[in-house]
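J.: Sending over a structure as structure tokens; questions will come in a sec.
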There are 2 protein chains.
Amino acid sequence: MIKKRIGKRIARLRKEAGFTQERFAEATNYSVEFISFVERGIHAPSLEGCERIANALNITLSELFKLEEDPPR
Amino acid sequence: MIKKRIGKRIARLRKEAGFTQERFAEATNYSVEFISFVERGIHAPSLEGCERIANALNITLSELFKLEEDPPR
């Protein structure tokens with residue numbers, strides 16, 4: 001399910017970038033609760049939200065969507 | 001704006017894949033009107049919709065989000 005997959009990806013990238021959920025919420029202009037819901041695959045961010053998340057992580061949307069289950073191309 | 005950028009990208013990929021808007025609507029389980037709105041950047045598809053679009057195009061989400069204005073990484 002896409003919500004679960006993107007949530008796991010975001011959680012991993014956030015930690016790798018050294019953000020706590022609190023600091024990541026500030027950087028993306030989301031609430032900590034929403035970030036937590038996204039990371040657990042309960043909510044899916046909108047595309048505009050994905051762009052904010054990618055910007056906070058300093059990566060492209062394409063990079064953000066490199067989901068682990070995707071086969072290499 | 002992300003809606004405009006992804007809309008342009010989807011329109012280009014759809015045409016390259018040889019889909020009319022009608023056939024693409026069938027393949028993605030959207031209405032022709034919604035596809036038209038997405039391609040013109042009026043509506044943004046949800047993440048789940050982006051996945052259906054990527055599946056119809058036989059590409060990954062990461063590939064779908066290779067937007068033209070993104071710098072190479």
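Ligands are numbered from 1 in the order shown, chains are lettered A, B, ... in the order of the structure tokens, and residues start at 1 in each chain.
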The coordinates of chain A, once least-squares superposed on chain B over all sequentially paired C-alpha atoms, should be supplied as an mmCIF file with N, CA and C atoms, in the first residue's frame.

T.:
```
data_model
loop_
_atom_site.group_PDB
_atom_site.id
_atom_site.type_symbol
_atom_site.label_atom_id
_atom_site.label_comp_id
_atom_site.auth_asym_id
_atom_site.auth_seq_id
_atom_site.Cartn_x
_atom_site.Cartn_y
_atom_site.Cartn_z
ATOM 1 N N MET A 1 4.597 25.278 -9.601
ATOM 2 C CA MET A 1 3.553 24.649 -8.794
ATOM 3 C C MET A 1 3.485 23.167 -9.141
ATOM 4 N N ILE A 2 3.426 22.359 -8.101
ATOM 5 C CA ILE A 2 3.540 20.915 -8.313
ATOM 6 C C ILE A 2 2.425 20.360 -9.209
ATOM 7 N N LYS A 3 1.207 20.868 -9.077
ATOM 8 C CA LYS A 3 0.096 20.357 -9.895
ATOM 9 C C LYS A 3 0.368 20.566 -11.377
ATOM 10 N N LYS A 4 0.879 21.746 -11.714
ATOM 11 C CA LYS A 4 1.191 22.056 -13.115
ATOM 12 C C LYS A 4 2.319 21.159 -13.626
ATOM 13 N N ARG A 5 3.345 21.001 -12.789
ATOM 14 C CA ARG A 5 4.529 20.244 -13.217
ATOM 15 C C ARG A 5 4.194 18.769 -13.424
ATOM 16 N N ILE A 6 3.462 18.189 -12.479
ATOM 17 C CA ILE A 6 3.130 16.769 -12.622
ATOM 18 C C ILE A 6 2.115 16.578 -13.750
ATOM 19 N N GLY A 7 1.234 17.531 -13.940
ATOM 20 C CA GLY A 7 0.259 17.440 -15.029
ATOM 21 C C GLY A 7 0.939 17.408 -16.387
ATOM 22 N N LYS A 8 1.916 18.297 -16.574
ATOM 23 C CA LYS A 8 2.658 18.316 -17.836
ATOM 24 C C LYS A 8 3.417 17.006 -18.044
ATOM 25 N N ARG A 9 4.002 16.514 -16.965
ATOM 26 C CA ARG A 9 4.771 15.266 -17.036
ATOM 27 C C ARG A 9 3.859 14.094 -17.432
ATOM 28 N N ILE A 10 2.692 14.030 -16.798
ATOM 29 C CA ILE A 10 1.757 12.940 -17.077
ATOM 30 C C ILE A 10 1.284 13.024 -18.530
ATOM 31 N N ALA A 11 0.956 14.231 -18.999
ATOM 32 C CA ALA A 11 0.483 14.389 -20.381
ATOM 33 C C ALA A 11 1.560 13.897 -21.355
ATOM 34 N N ARG A 12 2.807 14.266 -21.080
ATOM 35 C CA ARG A 12 3.892 13.879 -21.982
ATOM 36 C C ARG A 12 4.076 12.357 -21.997
ATOM 37 N N LEU A 13 4.120 11.768 -20.799
ATOM 38 C CA LEU A 13 4.332 10.322 -20.703
ATOM 39 C C LEU A 13 3.155 9.549 -21.309
ATOM 40 N N ARG A 14 1.936 10.056 -21.095
ATOM 41 C CA ARG A 14 0.765 9.396 -21.669
ATOM 42 C C ARG A 14 0.860 9.358 -23.187
ATOM 43 N N LYS A 15 1.211 10.508 -23.787
ATOM 44 C CA LYS A 15 1.299 10.552 -25.251
ATOM 45 C C LYS A 15 2.427 9.654 -25.750
ATOM 46 N N GLU A 16 3.562 9.705 -25.067
ATOM 47 C CA GLU A 16 4.692 8.854 -25.460
ATOM 48 C C GLU A 16 4.313 7.372 -25.418
ATOM 49 N N ALA A 17 3.457 7.031 -24.454
ATOM 50 C CA ALA A 17 3.035 5.630 -24.320
ATOM 51 C C ALA A 17 1.916 5.284 -25.299
ATOM 52 N N GLY A 18 1.454 6.269 -26.068
ATOM 53 C CA GLY A 18 0.465 6.007 -27.109
ATOM 54 C C GLY A 18 -0.971 5.933 -26.630
ATOM 55 N N PHE A 19 -1.227 6.463 -25.439
ATOM 56 C CA PHE A 19 -2.594 6.481 -24.917
ATOM 57 C C PHE A 19 -3.326 7.747 -25.343
ATOM 58 N N THR A 20 -4.582 7.602 -25.774
ATOM 59 C CA THR A 20 -5.469 8.759 -25.817
ATOM 60 C C THR A 20 -5.902 9.045 -24.374
ATOM 61 N N GLN A 21 -6.472 10.233 -24.142
ATOM 62 C CA GLN A 21 -6.990 10.504 -22.792
ATOM 63 C C GLN A 21 -8.079 9.486 -22.429
ATOM 64 N N GLU A 22 -8.860 9.086 -23.417
ATOM 65 C CA GLU A 22 -9.947 8.136 -23.157
ATOM 66 C C GLU A 22 -9.389 6.783 -22.700
ATOM 67 N N ARG A 23 -8.399 6.283 -23.422
ATOM 68 C CA ARG A 23 -7.834 4.978 -23.054
ATOM 69 C C ARG A 23 -7.055 5.077 -21.748
ATOM 70 N N PHE A 24 -6.447 6.222 -21.523
ATOM 71 C CA PHE A 24 -5.687 6.399 -20.282
ATOM 72 C C PHE A 24 -6.644 6.457 -19.082
ATOM 73 N N ALA A 25 -7.780 7.088 -19.285
ATOM 74 C CA ALA A 25 -8.792 7.127 -18.220
ATOM 75 C C ALA A 25 -9.226 5.705 -17.859
ATOM 76 N N GLU A 26 -9.465 4.892 -18.885
ATOM 77 C CA GLU A 26 -9.849 3.496 -18.615
ATOM 78 C C GLU A 26 -8.750 2.764 -17.868
ATOM 79 N N ALA A 27 -7.501 2.965 -18.301
ATOM 80 C CA ALA A 27 -6.375 2.229 -17.717
ATOM 81 C C ALA A 27 -6.114 2.628 -16.267
ATOM 82 N N THR A 28 -6.472 3.852 -15.917
ATOM 83 C CA THR A 28 -6.190 4.339 -14.563
ATOM 84 C C THR A 28 -7.436 4.349 -13.683
ATOM 85 N N ASN A 29 -8.574 4.003 -14.286
ATOM 86 C CA ASN A 29 -9.838 4.019 -13.560
ATOM 87 C C ASN A 29 -10.221 5.432 -13.097
ATOM 88 N N TYR A 30 -9.862 6.405 -13.914
ATOM 89 C CA TYR A 30 -10.296 7.786 -13.708
ATOM 90 C C TYR A 30 -11.275 8.145 -14.822
ATOM 91 N N SER A 31 -11.999 9.236 -14.632
ATOM 92 C CA SER A 31 -12.812 9.757 -15.725
ATOM 93 C C SER A 31 -11.917 10.543 -16.682
ATOM 94 N N VAL A 32 -12.363 10.667 -17.922
ATOM 95 C CA VAL A 32 -11.630 11.477 -18.898
ATOM 96 C C VAL A 32 -11.519 12.913 -18.379
ATOM 97 N N GLU A 33 -12.570 13.389 -17.751
ATOM 98 C CA GLU A 33 -12.569 14.754 -17.224
ATOM 99 C C GLU A 33 -11.456 14.924 -16.182
ATOM 100 N N PHE A 34 -11.331 13.946 -15.304
ATOM 101 C CA PHE A 34 -10.303 14.065 -14.263
ATOM 102 C C PHE A 34 -8.909 14.056 -14.880
ATOM 103 N N ILE A 35 -8.683 13.144 -15.834
ATOM 104 C CA ILE A 35 -7.376 13.099 -16.522
ATOM 105 C C ILE A 35 -7.077 14.454 -17.167
ATOM 106 N N SER A 36 -8.078 15.017 -17.803
ATOM 107 C CA SER A 36 -7.885 16.315 -18.448
ATOM 108 C C SER A 36 -7.548 17.394 -17.415
ATOM 109 N N PHE A 37 -8.218 17.379 -16.291
ATOM 110 C CA PHE A 37 -7.949 18.347 -15.220
ATOM 111 C C PHE A 37 -6.545 18.150 -14.654
ATOM 112 N N VAL A 38 -6.147 16.900 -14.483
ATOM 113 C CA VAL A 38 -4.805 16.607 -13.954
ATOM 114 C C VAL A 38 -3.752 17.130 -14.933
ATOM 115 N N GLU A 39 -3.939 16.822 -16.208
ATOM 116 C CA GLU A 39 -2.931 17.212 -17.208
ATOM 117 C C GLU A 39 -2.815 18.731 -17.335
ATOM 118 N N ARG A 40 -3.907 19.423 -17.070
ATOM 119 C CA ARG A 40 -3.864 20.881 -17.148
ATOM 120 C C ARG A 40 -3.440 21.517 -15.822
ATOM 121 N N GLY A 41 -3.157 20.680 -14.816
ATOM 122 C CA GLY A 41 -2.675 21.216 -13.537
ATOM 123 C C GLY A 41 -3.768 21.830 -12.689
ATOM 124 N N ILE A 42 -5.011 21.456 -12.965
ATOM 125 C CA ILE A 42 -6.128 21.996 -12.175
ATOM 126 C C ILE A 42 -6.332 21.138 -10.920
ATOM 127 N N HIS A 43 -6.287 19.808 -11.106
ATOM 128 C CA HIS A 43 -6.364 18.888 -9.965
ATOM 129 C C HIS A 43 -5.027 18.180 -9.812
ATOM 130 N N ALA A 44 -4.664 17.875 -8.572
ATOM 131 C CA ALA A 44 -3.522 16.989 -8.328
ATOM 132 C C ALA A 44 -4.075 15.610 -7.991
ATOM 133 N N PRO A 45 -3.536 14.571 -8.612
ATOM 134 C CA PRO A 45 -3.968 13.236 -8.194
ATOM 135 C C PRO A 45 -3.453 12.947 -6.777
ATOM 136 N N SER A 46 -4.118 12.063 -6.075
ATOM 137 C CA SER A 46 -3.623 11.585 -4.783
ATOM 138 C C SER A 46 -2.414 10.688 -5.014
ATOM 139 N N LEU A 47 -1.722 10.350 -3.959
ATOM 140 C CA LEU A 47 -0.587 9.418 -4.108
ATOM 141 C C LEU A 47 -1.049 8.078 -4.653
ATOM 142 N N GLU A 48 -2.195 7.644 -4.184
ATOM 143 C CA GLU A 48 -2.737 6.366 -4.667
ATOM 144 C C GLU A 48 -3.048 6.500 -6.176
ATOM 145 N N GLY A 49 -3.544 7.645 -6.562
ATOM 146 C CA GLY A 49 -3.810 7.898 -7.983
ATOM 147 C C GLY A 49 -2.522 7.942 -8.784
ATOM 148 N N CYS A 50 -1.484 8.547 -8.212
ATOM 149 C CA CYS A 50 -0.183 8.585 -8.899
ATOM 150 C C CYS A 50 0.331 7.167 -9.123
ATOM 151 N N GLU A 51 0.080 6.300 -8.163
ATOM 152 C CA GLU A 51 0.518 4.912 -8.306
ATOM 153 C C GLU A 51 -0.251 4.234 -9.452
ATOM 154 N N ARG A 52 -1.534 4.500 -9.543
ATOM 155 C CA ARG A 52 -2.328 3.933 -10.647
ATOM 156 C C ARG A 52 -1.822 4.463 -11.989
ATOM 157 N N ILE A 53 -1.502 5.740 -12.026
ATOM 158 C CA ILE A 53 -0.986 6.352 -13.254
ATOM 159 C C ILE A 53 0.362 5.730 -13.633
ATOM 160 N N ALA A 54 1.247 5.585 -12.639
ATOM 161 C CA ALA A 54 2.561 4.977 -12.902
ATOM 162 C C ALA A 54 2.389 3.537 -13.386
ATOM 163 N N ASN A 55 1.476 2.809 -12.760
ATOM 164 C CA ASN A 55 1.244 1.419 -13.173
ATOM 165 C C ASN A 55 0.739 1.351 -14.615
ATOM 166 N N ALA A 56 -0.187 2.239 -14.975
ATOM 167 C CA ALA A 56 -0.722 2.237 -16.341
ATOM 168 C C ALA A 56 0.389 2.543 -17.349
ATOM 169 N N LEU A 57 1.343 3.372 -16.933
ATOM 170 C CA LEU A 57 2.460 3.740 -17.818
ATOM 171 C C LEU A 57 3.605 2.736 -17.728
ATOM 172 N N ASN A 58 3.478 1.786 -16.822
ATOM 173 C CA ASN A 58 4.501 0.760 -16.600
ATOM 174 C C ASN A 58 5.857 1.372 -16.186
ATOM 175 N N ILE A 59 5.781 2.366 -15.331
ATOM 176 C CA ILE A 59 6.986 2.996 -14.777
ATOM 177 C C ILE A 59 6.854 3.055 -13.255
ATOM 178 N N THR A 60 7.951 3.354 -12.586
ATOM 179 C CA THR A 60 7.905 3.509 -11.125
ATOM 180 C C THR A 60 7.419 4.925 -10.776
ATOM 181 N N LEU A 61 7.015 5.079 -9.521
ATOM 182 C CA LEU A 61 6.646 6.418 -9.039
ATOM 183 C C LEU A 61 7.835 7.363 -9.155
ATOM 184 N N SER A 62 9.020 6.848 -8.878
ATOM 185 C CA SER A 62 10.221 7.678 -8.955
ATOM 186 C C SER A 62 10.407 8.223 -10.373
ATOM 187 N N GLU A 63 10.135 7.358 -11.349
ATOM 188 C CA GLU A 63 10.229 7.769 -12.762
ATOM 189 C C GLU A 63 9.149 8.812 -13.084
ATOM 190 N N LEU A 64 7.951 8.567 -12.598
ATOM 191 C CA LEU A 64 6.848 9.507 -12.834
ATOM 192 C C LEU A 64 7.202 10.901 -12.323
ATOM 193 N N PHE A 65 7.932 10.959 -11.218
ATOM 194 C CA PHE A 65 8.242 12.253 -10.588
ATOM 195 C C PHE A 65 9.552 12.859 -11.062
ATOM 196 N N LYS A 66 10.109 12.327 -12.134
ATOM 197 C CA LYS A 66 11.291 12.973 -12.721
ATOM 198 C C LYS A 66 10.836 14.198 -13.484
ATOM 199 N N LEU A 67 10.590 15.263 -12.768
ATOM 200 C CA LEU A 67 10.022 16.473 -13.353
ATOM 201 C C LEU A 67 11.101 17.245 -14.070
ATOM 202 N N GLU A 68 10.687 17.909 -15.130
ATOM 203 C CA GLU A 68 11.711 18.492 -16.024
ATOM 204 C C GLU A 68 12.548 19.588 -15.394
ATOM 205 N N GLU A 69 11.936 20.309 -14.443
ATOM 206 C CA GLU A 69 12.685 21.401 -13.821
ATOM 207 C C GLU A 69 13.665 20.934 -12.744
ATOM 208 N N ASP A 70 13.592 19.632 -12.394
ATOM 209 C CA ASP A 70 14.503 19.140 -11.358
ATOM 210 C C ASP A 70 15.944 19.142 -11.863
ATOM 211 N N PRO A 71 16.864 19.598 -11.066
ATOM 212 C CA PRO A 71 18.269 19.487 -11.472
ATOM 213 C C PRO A 71 18.676 18.009 -11.441
ATOM 214 N N PRO A 72 19.618 17.606 -12.278
ATOM 215 C CA PRO A 72 20.086 16.226 -12.209
ATOM 216 C C PRO A 72 20.822 15.986 -10.887
ATOM 217 N N ARG A 73 20.731 14.812 -10.354
ATOM 218 C CA ARG A 73 21.429 14.442 -9.116
ATOM 219 C C ARG A 73 22.193 13.158 -9.304
#
```

J.: Got a sec to tell me which of chain A DSSP assigns to helix (DSSP H, G or I), as a ChimeraX atom specification?

T.: /A:2-16,21-28,32-39,47-57,61-64

J.: Take the residues just selected and output them with N, CA and C atoms as a compact mmCIF listing (two decimals), in the first residue's frame.

T.:
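So out.txt came out as:
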```txt
# COMPACT_ATOMS: atom_id res chain seq x y z
N ILE A 2 0.53 2.17 -0.86
CA ILE A 2 1.41 3.32 -1.07
C ILE A 2 1.63 4.14 0.21
N LYS A 3 0.60 4.30 1.03
CA LYS A 3 0.75 5.09 2.26
C LYS A 3 1.80 4.49 3.18
N LYS A 4 1.77 3.17 3.31
CA LYS A 4 2.75 2.47 4.16
C LYS A 4 4.16 2.62 3.59
N ARG A 5 4.26 2.45 2.27
CA ARG A 5 5.59 2.46 1.63
C ARG A 5 6.22 3.85 1.71
N ILE A 6 5.43 4.88 1.42
CA ILE A 6 6.00 6.23 1.46
C ILE A 6 6.26 6.64 2.91
N GLY A 7 5.44 6.19 3.82
CA GLY A 7 5.65 6.51 5.24
C GLY A 7 6.97 5.95 5.75
N LYS A 8 7.24 4.69 5.40
CA LYS A 8 8.51 4.07 5.81
C LYS A 8 9.69 4.81 5.19
N ARG A 9 9.54 5.18 3.93
CA ARG A 9 10.61 5.88 3.21
C ARG A 9 10.90 7.24 3.88
N ILE A 10 9.83 7.96 4.19
CA ILE A 10 9.98 9.28 4.81
C ILE A 10 10.65 9.14 6.18
N ALA A 11 10.21 8.16 6.97
CA ALA A 11 10.79 7.97 8.31
C ALA A 11 12.29 7.70 8.18
N ARG A 12 12.66 6.85 7.22
CA ARG A 12 14.07 6.50 7.06
C ARG A 12 14.89 7.72 6.65
N LEU A 13 14.39 8.45 5.65
CA LEU A 13 15.12 9.62 5.15
C LEU A 13 15.21 10.71 6.22
N ARG A 14 14.13 10.88 6.99
CA ARG A 14 14.15 11.88 8.05
C ARG A 14 15.24 11.57 9.07
N LYS A 15 15.31 10.30 9.49
CA LYS A 15 16.32 9.93 10.48
C LYS A 15 17.72 10.07 9.90
N GLU A 16 17.89 9.64 8.66
CA GLU A 16 19.21 9.77 8.02
C GLU A 16 19.65 11.23 7.95
N GLN A 21 11.24 14.04 14.84
CA GLN A 21 9.91 14.32 14.28
C GLN A 21 9.52 15.78 14.55
N GLU A 22 9.92 16.29 15.70
CA GLU A 22 9.56 17.66 16.06
C GLU A 22 10.20 18.66 15.09
N ARG A 23 11.49 18.49 14.84
CA ARG A 23 12.18 19.42 13.94
C ARG A 23 11.71 19.24 12.50
N PHE A 24 11.37 18.01 12.16
CA PHE A 24 10.90 17.75 10.80
C PHE A 24 9.51 18.38 10.60
N ALA A 25 8.70 18.33 11.63
CA ALA A 25 7.38 18.98 11.55
C ALA A 25 7.55 20.48 11.31
N GLU A 26 8.48 21.09 12.04
CA GLU A 26 8.73 22.52 11.83
C GLU A 26 9.21 22.79 10.41
N ALA A 27 10.12 21.95 9.92
CA ALA A 27 10.72 22.18 8.60
C ALA A 27 9.71 22.00 7.47
N THR A 28 8.70 21.18 7.71
CA THR A 28 7.73 20.90 6.64
C THR A 28 6.42 21.65 6.86
N VAL A 32 3.47 17.65 14.44
CA VAL A 32 4.17 16.42 14.80
C VAL A 32 3.22 15.23 14.64
N GLU A 33 1.97 15.44 15.00
CA GLU A 33 0.98 14.36 14.89
C GLU A 33 0.84 13.91 13.43
N PHE A 34 0.78 14.86 12.53
CA PHE A 34 0.62 14.49 11.11
C PHE A 34 1.84 13.73 10.62
N ILE A 35 3.04 14.22 10.97
CA ILE A 35 4.27 13.51 10.57
C ILE A 35 4.25 12.07 11.10
N SER A 36 3.83 11.93 12.34
CA SER A 36 3.77 10.59 12.93
C SER A 36 2.77 9.71 12.18
N PHE A 37 1.64 10.26 11.82
CA PHE A 37 0.62 9.51 11.07
C PHE A 37 1.14 9.14 9.68
N VAL A 38 1.84 10.07 9.04
CA VAL A 38 2.40 9.80 7.71
C VAL A 38 3.42 8.66 7.80
N GLU A 39 4.31 8.76 8.78
CA GLU A 39 5.38 7.76 8.89
C GLU A 39 4.82 6.37 9.21
N LEU A 47 0.39 15.75 -2.74
CA LEU A 47 1.58 15.99 -3.58
C LEU A 47 2.30 17.26 -3.15
N GLU A 48 1.53 18.26 -2.80
CA GLU A 48 2.14 19.51 -2.34
C GLU A 48 2.91 19.24 -1.03
N GLY A 49 2.35 18.41 -0.19
CA GLY A 49 3.03 18.03 1.05
C GLY A 49 4.29 17.24 0.77
N CYS A 50 4.22 16.34 -0.22
CA CYS A 50 5.41 15.57 -0.59
C CYS A 50 6.52 16.51 -1.06
N GLU A 51 6.14 17.56 -1.75
CA GLU A 51 7.13 18.53 -2.21
C GLU A 51 7.77 19.24 -1.01
N ARG A 52 6.97 19.59 -0.04
CA ARG A 52 7.52 20.23 1.18
C ARG A 52 8.46 19.27 1.90
N ILE A 53 8.08 18.01 1.96
CA ILE A 53 8.91 17.00 2.61
C ILE A 53 10.23 16.83 1.86
N ALA A 54 10.14 16.74 0.52
CA ALA A 54 11.36 16.60 -0.29
C ALA A 54 12.26 17.83 -0.11
N ASN A 55 11.65 19.01 -0.09
CA ASN A 55 12.44 20.23 0.08
C ASN A 55 13.15 20.24 1.44
N ALA A 56 12.45 19.83 2.49
CA ALA A 56 13.05 19.81 3.83
C ALA A 56 14.23 18.83 3.86
N LEU A 57 14.11 17.75 3.09
CA LEU A 57 15.18 16.74 3.04
C LEU A 57 16.25 17.09 2.01
N LEU A 61 11.61 15.11 -5.68
CA LEU A 61 10.45 14.23 -5.51
C LEU A 61 10.77 12.84 -6.04
N SER A 62 11.51 12.78 -7.13
CA SER A 62 11.87 11.49 -7.72
C SER A 62 12.67 10.65 -6.72
N GLU A 63 13.57 11.33 -6.01
CA GLU A 63 14.39 10.65 -4.99
C GLU A 63 13.49 10.19 -3.82
N LEU A 64 12.59 11.06 -3.42
CA LEU A 64 11.67 10.71 -2.32
C LEU A 64 10.88 9.45 -2.65
```
